[in-house]
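Written below as structure tokens is the structure these notes are about.
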Amino acid sequence: MNIQITKLQLIMVVINFIIFSSILMAPAITVVSAKQDGWISMLLALIIGLMLNVLYLFLFKKYNYPSLFELMNRAAGKWFGSVMNILIIFYALHLAAMVVRNLSNFMVASVIPYSHPWTYQILIVAVVIYSAVLGVKNLFLLNDLVFPIVIFLTVVSLILITREFSFLELRPVFHSGPSAIFQGAYATLGFPFIEVLLIGAFFQYVKKKEKLMLTYLSGIAAGGLVLVITVFIIIGDEGTYLVARETYPTYSVMRDIDFVTVFERIEILLAIAWMIGLFVKICVCFLVVMMGLKHLTGSKTYRPYLIPIGILIWAMSNHLHKTVMDFSNFVTTSWTMYWFTLYCLIILVFLIGLIRNKQTSLNS
Amino acid sequence: DNKRKPKEKLIITGVWLFSIVYMFGYLYDQPVFPVTEGLKAVFEPIYYGMFGGP
């Protein structure tokens with residue numbers, strides 16, 4: 001089947017991928033170390049993330065945007081390319097499992113306490129499998145439909161919580177010092193600015209590839225700016241002490257909205273937007289796994305892998321971390337360096353491929 | 001010709017087997033493939049080396 005996606009569809013998926021799963025957790029992760037300068041940490045993470053992605057896209061462009069998996073084989077040869085492909089598949093699988101776990105943690109902790117996490121995990125994995133059956137094009141078309149709704153809900157939520165905003169909570173600026181600000185940026189750099197490199201698997205489907213780099217980077221910048229504004233507003237609204245103590249401070253702040261009698265307890269609107277965004281993110285990861293396995297086996301379809309990978313994601317989401325604290329601790333301390341390792345390996349493979357191409361052209 | 005190649009069959013069987021084994025590992029609380037522990041052992045010292053801590 002001939003799959004073609006537009007640059008607008010790609011940018012919307014990138015924005016969804018960046019904002020959701022981070023918007024509820026980013027304020028707490030940055031504020032723990034950077035205090036009232038948490039928003040500067042987020043801005044620093046965005047700038048570093050953009051720089052890393054500029055290099056990634058620049059090297060991708062040299063190969064004229066093939067599939068990420070095909071590129072690995074082309075640049076590193078059959079064997080090392082296959083090892084890299086297995087590694088990328090594992091990273092995508094791990095990310096999907098972590099996002100599923102994040103969703104169930106949130107539902108059990110904040111939305112429906114005392115419910116069983118398996119309920120949400122099995123439901124979301126089932127919907128993701130169904131979406132994957134319908135293919136890549138389906139995901140991008142679905143995102144076309146839900147993106148305006150999700151962004152509308154997010155923006156309205158952010159506007160409504162500005163009523164309690166106070167600049168006093170953000171002062172003194174730069175009080176935490178550069179080390180604390182960098183520590184805050186470190187945790188939010190891997191999650192979401194480095195993991196967005198998985199979207200490279202969909203570049204082959206983009207219709208007109210000129211200015212694809214600008215499109216992709218503007219998607220990252222737009223998503224990152226929403227996160228910076230969110231952290232800024234949340235700190236100004238609640239103060240660093242409360243934000244640092246909560247797992248999902250954005251959701252807690254939303255609970256306090258009391259805007260005329262009609263607008264009370266509307267935090268579930270942000271939760272709905274977040275769940276839709278997470279669904280898109282899990283779908284992207286799931287499809288990357290499927291495309292990787294399809295490429296690895298050279299088969300015509302990825303359908304035989306749908307059910308086993310769905311089972312694996314569900315089992316991994318529960319088995320990787322016993323507790324919510326363990327999950328949060330792992331994301332804060334290890335996630336960025338873990339993804340940065342993959343980033344460095346991919347860049348290294350790109351460079352090896354370019355050197356090999358140059359040598360063969362010189363020899364011929 | 002819709003027949004699957006041997007390599008394809010092998011990988012499909014491998015993926016199914018790994019998923020089932022991992023699922024039962026989770027259900028019976030056995031460390032089948034301790035990803036998190038391994039990653040923590042590698043990356044946590046780097047984090048604490050950079051920012052201080054335990």
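Chain labels run A, B, ... following the order of the structure tokens; each chain numbers its residues from 1, and ligands are numbered from 1 in the order shown.
Residues in contact with Lys40 of chain B at 12 Å, where only C-alpha atoms are counted and same-chain residues fewer than 3 positions away are skipped, are listed as Leu320, His321, Asp326, Phe327, Asn329, Phe330, Val331, Thr332, Thr333, Ser334, Trp335, Thr336, Met337 and Tyr338 of chain A; Pro34, Val35, Thr36, Glu37, Phe43, Glu44, Pro45, Ile46, Tyr47 and Tyr48 of chain B.
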Go ahead and write the residues just picked, N, CA, C and O atoms, as a CSV table (one decimal), in the first residue's frame.
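Result file is selection_6.csv:
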```csv
chain,number,residue,atom,x,y,z
A,320,LEU,N,8.7,-3.8,34.7
A,320,LEU,CA,9.9,-3.0,34.8
A,320,LEU,C,10.1,-2.3,36.1
A,320,LEU,O,11.2,-2.2,36.6
A,321,HIS,N,9.0,-1.8,36.7
A,321,HIS,CA,9.1,-1.1,37.9
A,321,HIS,C,8.1,-1.6,38.9
A,321,HIS,O,6.9,-1.6,38.5
A,326,ASP,N,9.9,4.0,42.2
A,326,ASP,CA,11.0,3.4,41.4
A,326,ASP,C,10.9,4.0,40.0
A,326,ASP,O,11.9,4.3,39.4
A,327,PHE,N,9.7,4.0,39.4
A,327,PHE,CA,9.5,4.5,38.1
A,327,PHE,C,10.0,6.0,38.0
A,327,PHE,O,10.8,6.3,37.1
A,329,ASN,N,12.0,7.6,39.9
A,329,ASN,CA,13.5,7.7,40.2
A,329,ASN,C,14.3,7.3,38.9
A,329,ASN,O,15.2,7.9,38.6
A,330,PHE,N,13.8,6.3,38.3
A,330,PHE,CA,14.5,5.8,37.1
A,330,PHE,C,14.4,6.8,36.0
A,330,PHE,O,15.4,7.1,35.3
A,331,VAL,N,13.2,7.5,35.8
A,331,VAL,CA,13.1,8.5,34.8
A,331,VAL,C,14.0,9.7,35.1
A,331,VAL,O,14.6,10.2,34.2
A,332,THR,N,14.1,10.1,36.3
A,332,THR,CA,14.9,11.2,36.7
A,332,THR,C,16.4,10.9,36.5
A,332,THR,O,17.1,11.8,36.0
A,333,THR,N,16.9,9.8,37.0
A,333,THR,CA,18.3,9.6,37.0
A,333,THR,C,18.9,8.9,35.8
A,333,THR,O,20.0,9.2,35.4
A,334,SER,N,18.2,8.0,35.2
A,334,SER,CA,18.8,7.1,34.1
A,334,SER,C,18.2,7.4,32.7
A,334,SER,O,18.9,7.0,31.7
A,335,TRP,N,17.0,7.9,32.6
A,335,TRP,CA,16.4,7.9,31.3
A,335,TRP,C,17.1,8.7,30.2
A,335,TRP,O,17.3,8.3,29.1
A,336,THR,N,17.6,9.9,30.6
A,336,THR,CA,18.2,10.8,29.7
A,336,THR,C,19.5,10.2,29.1
A,336,THR,O,19.7,10.1,27.9
A,337,MET,N,20.4,9.6,30.0
A,337,MET,CA,21.6,9.1,29.6
A,337,MET,C,21.4,7.8,28.7
A,337,MET,O,22.1,7.5,27.8
A,338,TYR,N,20.4,7.1,29.1
A,338,TYR,CA,20.0,5.9,28.4
A,338,TYR,C,19.6,6.2,26.9
A,338,TYR,O,20.1,5.5,26.0
B,34,PRO,N,16.1,-8.7,33.5
B,34,PRO,CA,16.0,-7.5,34.4
B,34,PRO,C,16.6,-6.3,33.7
B,34,PRO,O,17.8,-5.9,34.0
B,35,VAL,N,15.8,-5.6,32.9
B,35,VAL,CA,16.2,-4.4,32.2
B,35,VAL,C,16.6,-3.3,33.1
B,35,VAL,O,17.6,-2.7,33.1
B,36,THR,N,15.6,-3.0,34.0
B,36,THR,CA,15.7,-1.8,34.8
B,36,THR,C,17.0,-1.9,35.7
B,36,THR,O,17.7,-0.9,35.8
B,37,GLU,N,17.2,-3.0,36.3
B,37,GLU,CA,18.3,-3.2,37.3
B,37,GLU,C,19.6,-3.0,36.5
B,37,GLU,O,20.5,-2.3,37.0
B,43,PHE,N,23.7,3.6,34.5
B,43,PHE,CA,23.4,5.0,34.4
B,43,PHE,C,23.3,5.8,35.7
B,43,PHE,O,23.6,7.0,35.7
B,44,GLU,N,22.9,5.2,36.8
B,44,GLU,CA,22.8,5.9,38.0
B,44,GLU,C,24.1,6.5,38.5
B,44,GLU,O,24.1,7.6,39.0
B,45,PRO,N,25.2,5.7,38.5
B,45,PRO,CA,26.5,6.3,38.9
B,45,PRO,C,26.9,7.5,38.1
B,45,PRO,O,27.5,8.5,38.7
B,46,ILE,N,26.5,7.6,36.8
B,46,ILE,CA,26.8,8.7,36.0
B,46,ILE,C,26.1,9.9,36.5
B,46,ILE,O,26.6,11.0,36.7
B,47,TYR,N,24.8,9.7,36.8
B,47,TYR,CA,23.9,10.8,37.3
B,47,TYR,C,24.4,11.4,38.6
B,47,TYR,O,24.6,12.6,38.8
B,48,TYR,N,24.7,10.4,39.6
B,48,TYR,CA,25.2,10.9,40.9
B,48,TYR,C,26.6,11.4,40.8
B,48,TYR,O,27.0,12.3,41.6
```
Quick one: residues within 9 Å of Ile18 of chain A, only C-alpha atoms, excluding same-chain residues fewer than 5 positions away - as a ChimeraX atom specification? /A:13,23,191-193,195-196,219-220,222-224,227,281
For Ile20 of chain B, the closest of A:Gly77, A:Met84, A:Val206, A:Trp314 counting only C-alpha atoms is A:Trp314
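Between atom CA of Ser218 of chain A and atom CA of Val14 of chain A there is a distance of 9.2 Å.
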Out of A:Tyr63, A:Phe174, A:Tyr241, A:Phe90, which residue has the shortest atom-to-atom distance to chain B when counting only C-alpha atoms? A:Phe90
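Of the listed residues A:Ala221, A:Leu348, A:Ile233, A:Leu342, the one whose atoms come nearest to Ile86 of chain A is A:Leu342, with distances taken using only C-alpha atoms.
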Give me, as a ChimeraX atom specification, the residues of chain B that a backbone DSSP run labels helix (DSSP H, G or I). /B:6-27,35-51
Give me a file of those residues, with N, CA and C atoms, as a short mmCIF file (atom, residue, chain, number, x, y, z; two decimals), in the first residue's frame.
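Saved file again37.cif follows:
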```cif
data_model
loop_
_atom_site.label_atom_id
_atom_site.label_comp_id
_atom_site.auth_asym_id
_atom_site.auth_seq_id
_atom_site.Cartn_x
_atom_site.Cartn_y
_atom_site.Cartn_z
N PRO B 6 11.81 -19.37 6.14
CA PRO B 6 12.22 -19.96 7.42
C PRO B 6 12.69 -18.90 8.43
N LYS B 7 13.42 -17.89 7.94
CA LYS B 7 13.92 -16.83 8.83
C LYS B 7 12.74 -16.09 9.48
N GLU B 8 11.73 -15.85 8.67
CA GLU B 8 10.54 -15.13 9.16
C GLU B 8 9.82 -15.95 10.22
N LYS B 9 9.67 -17.25 9.93
CA LYS B 9 9.01 -18.17 10.88
C LYS B 9 9.77 -18.19 12.21
N LEU B 10 11.10 -18.23 12.10
CA LEU B 10 11.96 -18.30 13.29
C LEU B 10 11.77 -17.05 14.16
N ILE B 11 11.75 -15.88 13.51
CA ILE B 11 11.63 -14.63 14.28
C ILE B 11 10.23 -14.51 14.89
N ILE B 12 9.19 -14.91 14.15
CA ILE B 12 7.82 -14.86 14.69
C ILE B 12 7.72 -15.78 15.92
N THR B 13 8.28 -16.98 15.80
CA THR B 13 8.26 -17.93 16.93
C THR B 13 9.04 -17.36 18.11
N GLY B 14 10.19 -16.75 17.81
CA GLY B 14 11.02 -16.16 18.87
C GLY B 14 10.30 -15.05 19.60
N VAL B 15 9.62 -14.18 18.85
CA VAL B 15 8.89 -13.05 19.46
C VAL B 15 7.76 -13.58 20.34
N TRP B 16 7.02 -14.57 19.83
CA TRP B 16 5.93 -15.17 20.61
C TRP B 16 6.46 -15.80 21.90
N LEU B 17 7.54 -16.58 21.75
CA LEU B 17 8.12 -17.27 22.92
C LEU B 17 8.58 -16.27 23.98
N PHE B 18 9.30 -15.23 23.52
CA PHE B 18 9.81 -14.23 24.47
C PHE B 18 8.66 -13.53 25.19
N SER B 19 7.61 -13.20 24.44
CA SER B 19 6.45 -12.51 25.04
C SER B 19 5.79 -13.38 26.10
N ILE B 20 5.58 -14.65 25.77
CA ILE B 20 4.91 -15.56 26.70
C ILE B 20 5.77 -15.79 27.95
N VAL B 21 7.07 -16.02 27.73
CA VAL B 21 7.98 -16.25 28.87
C VAL B 21 8.03 -15.01 29.76
N TYR B 22 8.11 -13.82 29.12
CA TYR B 22 8.17 -12.57 29.89
C TYR B 22 6.88 -12.37 30.67
N MET B 23 5.74 -12.68 30.02
CA MET B 23 4.45 -12.50 30.69
C MET B 23 4.35 -13.40 31.92
N PHE B 24 4.76 -14.67 31.77
CA PHE B 24 4.70 -15.57 32.93
C PHE B 24 5.73 -15.18 33.99
N GLY B 25 6.84 -14.63 33.52
CA GLY B 25 7.83 -14.10 34.47
C GLY B 25 7.23 -13.00 35.32
N TYR B 26 6.43 -12.16 34.68
CA TYR B 26 5.76 -11.08 35.43
C TYR B 26 4.70 -11.65 36.37
N LEU B 27 3.87 -12.57 35.84
CA LEU B 27 2.76 -13.09 36.64
C LEU B 27 3.26 -13.90 37.85
N VAL B 35 15.81 -5.63 32.93
CA VAL B 35 16.24 -4.45 32.17
C VAL B 35 16.57 -3.30 33.11
N THR B 36 15.61 -2.98 33.98
CA THR B 36 15.74 -1.79 34.83
C THR B 36 16.97 -1.87 35.72
N GLU B 37 17.17 -3.04 36.33
CA GLU B 37 18.30 -3.19 37.25
C GLU B 37 19.62 -2.97 36.52
N GLY B 38 19.72 -3.53 35.32
CA GLY B 38 20.93 -3.38 34.51
C GLY B 38 21.17 -1.94 34.12
N LEU B 39 20.10 -1.27 33.69
CA LEU B 39 20.24 0.13 33.26
C LEU B 39 20.59 1.03 34.43
N LYS B 40 19.97 0.75 35.57
CA LYS B 40 20.28 1.55 36.77
C LYS B 40 21.74 1.39 37.16
N ALA B 41 22.23 0.15 37.10
CA ALA B 41 23.62 -0.11 37.48
C ALA B 41 24.58 0.67 36.58
N VAL B 42 24.19 0.88 35.33
CA VAL B 42 25.08 1.59 34.39
C VAL B 42 24.92 3.10 34.52
N PHE B 43 23.67 3.58 34.53
CA PHE B 43 23.44 5.02 34.37
C PHE B 43 23.31 5.82 35.67
N GLU B 44 22.91 5.16 36.76
CA GLU B 44 22.76 5.92 38.02
C GLU B 44 24.08 6.49 38.52
N PRO B 45 25.19 5.71 38.48
CA PRO B 45 26.47 6.29 38.93
C PRO B 45 26.87 7.54 38.12
N ILE B 46 26.50 7.56 36.83
CA ILE B 46 26.82 8.73 35.99
C ILE B 46 26.06 9.95 36.51
N TYR B 47 24.76 9.74 36.80
CA TYR B 47 23.91 10.84 37.30
C TYR B 47 24.44 11.36 38.63
N TYR B 48 24.72 10.43 39.55
CA TYR B 48 25.19 10.87 40.87
C TYR B 48 26.61 11.43 40.80
N GLY B 49 27.37 10.99 39.82
CA GLY B 49 28.70 11.57 39.61
C GLY B 49 28.61 13.00 39.12
N MET B 50 27.59 13.27 38.30
CA MET B 50 27.42 14.63 37.76
C MET B 50 26.84 15.59 38.79
N PHE B 51 25.83 15.12 39.53
CA PHE B 51 25.09 16.05 40.39
C PHE B 51 25.22 15.77 41.89
#
```
